[in-house]
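See structure below.
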Amino acid sequence: MSTINEKIDDIAIKEFRGNNSSFAKVMNTSEANIRNYRKSTMPKLDFIVKLHDLFEISFEYLLSENIEIGRYKIEDPKSTDENQDLVHKMLLTENNFLKQKLEFLSEQIEFYKSKIEFLSLQRNVKKTQTTKEIAEGLRIIDEIENLFIKKPVK
(Lines give C-alpha, C1' and ligand atoms only; values in the text may rest on other atoms or scores of the structure.)
Protein backbone atom coordinates (compact mmCIF):
# COMPACT_ATOMS: atom_id res chain seq x y z
CA MET A 1 0.00 0.00 0.00
CA SER A 2 1.14 3.53 -0.67
CA THR A 3 -0.38 6.90 0.05
CA ILE A 4 -0.84 9.77 -2.37
CA ASN A 5 2.18 11.43 -0.75
CA GLU A 6 4.36 8.43 -1.53
CA LYS A 7 3.05 8.45 -5.10
CA ILE A 8 3.84 12.15 -5.49
CA ASP A 9 7.31 11.47 -4.08
CA ASP A 10 7.72 8.65 -6.62
CA ILE A 11 6.67 10.99 -9.46
CA ALA A 12 9.13 13.63 -8.23
CA ILE A 13 11.95 11.09 -8.22
CA LYS A 14 11.10 9.46 -11.56
CA GLU A 15 10.15 12.56 -13.53
CA PHE A 16 12.29 15.27 -11.91
CA ARG A 17 15.15 13.33 -10.28
CA GLY A 18 13.78 14.46 -6.92
CA ASN A 19 14.19 18.15 -7.79
CA ASN A 20 11.38 20.01 -6.01
CA SER A 21 12.09 23.24 -7.88
CA SER A 22 11.58 21.68 -11.32
CA PHE A 23 8.48 19.83 -10.16
CA ALA A 24 7.07 23.04 -8.64
CA LYS A 25 7.61 25.00 -11.89
CA VAL A 26 5.80 22.39 -13.97
CA MET A 27 2.94 22.21 -11.47
CA ASN A 28 2.79 26.01 -11.05
CA THR A 29 3.13 25.83 -7.27
CA SER A 30 5.78 26.51 -4.64
CA GLU A 31 8.67 24.28 -3.65
CA ALA A 32 7.28 24.29 -0.12
CA ASN A 33 4.02 22.80 -1.39
CA ILE A 34 5.91 20.08 -3.26
CA ARG A 35 7.96 19.27 -0.14
CA ASN A 36 4.78 19.08 1.94
CA TYR A 37 2.92 16.99 -0.63
CA ARG A 38 5.86 14.57 -0.82
CA LYS A 39 5.87 14.16 2.98
CA SER A 40 2.41 14.18 4.53
CA THR A 41 0.15 17.04 3.44
CA MET A 42 -2.91 16.08 1.40
CA PRO A 43 -2.60 17.94 -1.92
CA LYS A 44 -5.32 20.29 -3.08
CA LEU A 45 -7.78 19.03 -5.66
CA ASP A 46 -6.42 21.31 -8.39
CA PHE A 47 -2.94 19.80 -7.86
CA ILE A 48 -4.34 16.27 -8.19
CA VAL A 49 -6.23 17.23 -11.36
CA LYS A 50 -3.06 18.78 -12.80
CA LEU A 51 -1.09 15.58 -12.07
CA HIS A 52 -3.82 13.65 -13.85
CA ASP A 53 -3.78 15.97 -16.87
CA LEU A 54 -0.03 16.54 -17.29
CA PHE A 55 1.23 13.03 -16.59
CA GLU A 56 -1.84 11.05 -17.67
CA ILE A 57 -2.08 9.51 -14.22
CA SER A 58 -5.42 7.98 -13.36
CA PHE A 59 -7.36 9.34 -10.41
CA GLU A 60 -7.79 5.76 -9.23
CA TYR A 61 -4.03 5.34 -8.95
CA LEU A 62 -3.55 8.67 -7.17
CA LEU A 63 -6.40 8.36 -4.69
CA SER A 64 -6.36 4.67 -3.85
CA GLU A 65 -3.97 3.28 -1.27
CA ASN A 66 -4.10 -0.26 -2.62
CA ILE A 67 -3.25 0.14 -6.30
CA GLU A 68 0.39 -0.12 -7.35
CA ILE A 69 1.83 -0.13 -10.84
CA GLY A 70 5.04 0.87 -12.57
CA ARG A 71 3.90 3.79 -14.76
CA TYR A 72 0.94 5.33 -12.90
CA LYS A 73 -2.06 4.32 -15.07
CA ILE A 74 -4.26 1.48 -13.91
CA GLU A 75 -7.77 0.22 -14.29
CA ASP A 76 -9.01 -1.83 -11.33
CA PRO A 77 -12.71 -2.72 -11.63
CA LYS A 78 -12.86 -3.95 -8.02
CA SER A 79 -11.99 -0.57 -6.54
CA THR A 80 -13.77 1.68 -9.04
CA ASP A 81 -16.85 2.21 -6.85
CA GLU A 82 -14.68 2.97 -3.83
CA ASN A 83 -12.58 5.46 -5.79
CA GLN A 84 -15.61 7.07 -7.39
CA ASP A 85 -17.04 7.63 -3.91
CA LEU A 86 -13.79 9.26 -2.83
CA VAL A 87 -13.64 11.48 -5.92
CA HIS A 88 -17.33 12.34 -5.44
CA LYS A 89 -16.70 13.37 -1.81
CA MET A 90 -13.71 15.48 -2.86
CA LEU A 91 -15.75 17.18 -5.58
CA LEU A 92 -18.60 17.91 -3.14
CA THR A 93 -16.12 19.45 -0.72
CA GLU A 94 -14.57 21.53 -3.48
CA ASN A 95 -18.05 22.58 -4.64
CA ASN A 96 -18.99 23.73 -1.13
CA PHE A 97 -15.74 25.66 -0.88
CA LEU A 98 -16.39 27.36 -4.23
CA LYS A 99 -19.93 28.29 -3.15
CA GLN A 100 -18.55 29.93 -0.01
CA LYS A 101 -15.91 31.74 -2.06
CA LEU A 102 -18.56 32.98 -4.51
CA GLU A 103 -20.69 34.22 -1.62
CA PHE A 104 -17.70 36.04 -0.13
CA LEU A 105 -16.80 37.62 -3.50
CA SER A 106 -20.42 38.71 -4.00
CA GLU A 107 -20.32 40.42 -0.60
CA GLN A 108 -17.08 42.14 -1.59
CA ILE A 109 -18.62 43.36 -4.83
CA GLU A 110 -21.60 44.79 -2.96
CA PHE A 111 -19.23 46.51 -0.54
CA TYR A 112 -17.25 48.08 -3.38
CA LYS A 113 -20.43 49.11 -5.20
CA SER A 114 -21.58 50.98 -2.11
CA LYS A 115 -18.16 52.56 -1.76
CA ILE A 116 -18.24 53.70 -5.40
CA GLU A 117 -21.75 55.05 -4.91
CA PHE A 118 -20.55 56.95 -1.86
CA LEU A 119 -17.60 58.37 -3.79
CA SER A 120 -19.85 59.43 -6.66
CA LEU A 121 -22.18 61.20 -4.21
CA GLN A 122 -19.16 62.96 -2.75
CA ARG A 123 -18.21 64.04 -6.23
CA ASN A 124 -21.59 65.72 -6.65
CA VAL A 125 -21.03 67.61 -3.40
CA LYS A 126 -17.51 68.73 -4.25
CA LYS A 127 -16.76 69.73 -7.79
CA THR A 128 -13.02 69.06 -7.49
CA GLN A 129 -11.44 65.76 -6.57
CA THR A 130 -8.15 65.46 -4.79
CA THR A 131 -5.47 63.23 -6.26
CA LYS A 132 -5.87 60.92 -3.28
CA GLU A 133 -9.64 60.53 -3.88
CA ILE A 134 -9.11 59.80 -7.57
CA ALA A 135 -6.42 57.23 -6.76
CA GLU A 136 -8.74 55.54 -4.23
CA GLY A 137 -11.55 55.37 -6.80
CA LEU A 138 -9.22 53.86 -9.41
CA ARG A 139 -7.89 51.34 -6.87
CA ILE A 140 -11.45 50.22 -6.08
CA ILE A 141 -12.24 49.81 -9.77
CA ASP A 142 -9.04 47.75 -10.24
CA GLU A 143 -10.00 45.48 -7.33
CA ILE A 144 -13.45 44.88 -8.82
CA GLU A 145 -11.96 44.10 -12.23
CA ASN A 146 -9.47 41.68 -10.62
CA LEU A 147 -12.36 39.76 -9.06
CA PHE A 148 -13.68 38.97 -12.54
CA ILE A 149 -10.30 38.34 -14.18
CA LYS A 150 -9.47 35.36 -11.96
CA LYS A 151 -9.35 32.08 -13.88
CA PRO A 152 -12.30 29.73 -13.30
CA VAL A 153 -11.63 26.49 -11.43
CA LYS A 154 -12.01 23.33 -13.52
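Letters A, B, ... go to the chains of the C-alpha coordinates in the order shown; residues in each chain start at 1; ligands are counted from 1 in the same order.
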Within 10 Å of region 81-100 of chain A, which residues of region 23-49 of chain A come that close, and what is the closest atom pair and distance in Å for each? Count only C-alpha atoms and give it as JSON lines.
```
{"residue": "A:Lys44", "atom": "CA", "partner": "A:Glu94", "partner_atom": "CA", "distance": 9.3}
{"residue": "A:Leu45", "atom": "CA", "partner": "A:Met90", "partner_atom": "CA", "distance": 7.5}
{"residue": "A:Asp46", "atom": "CA", "partner": "A:Glu94", "partner_atom": "CA", "distance": 9.5}
```
Can you write out the residues you just picked, keeping C-alpha atoms, as a CSV table (one decimal), in the first residue's frame?
```
chain,number,residue,atom,x,y,z
A,44,LYS,CA,-5.3,20.3,-3.1
A,45,LEU,CA,-7.8,19.0,-5.7
A,46,ASP,CA,-6.4,21.3,-8.4
```
- request: Would you list the contacts of Phe47 (chain A) as a list of chain:residue names, taking every protein, DNA or RNA residue within 10 Å and counting only C-alpha atoms, but skipping same-chain residues closer than 4 positions in sequence?
  value: A:Met27, A:Asn28, A:Thr29, A:Asn33, A:Ile34, A:Tyr37, A:Met42, A:Pro43, A:Leu51, A:His52, A:Asp53
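In this structure, CA of Glu31 (chain A) sits 18.7 Å away from CA of Phe55 (chain A).
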query: How far is it from CA of Ile134 (chain A) to CA of Leu119 (chain A), in Å with one decimal?
result: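 Answer for the CA of Ile134 (chain A) to CA of Leu119 (chain A) separation: 9.4 Å.
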Counting only C-alpha atoms, the residue of A:Glu133, A:Leu62, A:Leu147, A:Ile116 that sits nearest Lys101 (chain A):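 Smallest distance to Lys101 (chain A) is found for A:Leu147.
Counting from CA of Ile13 (chain A), the distance to CA of Leu54 (chain A) is 16.0 Å.
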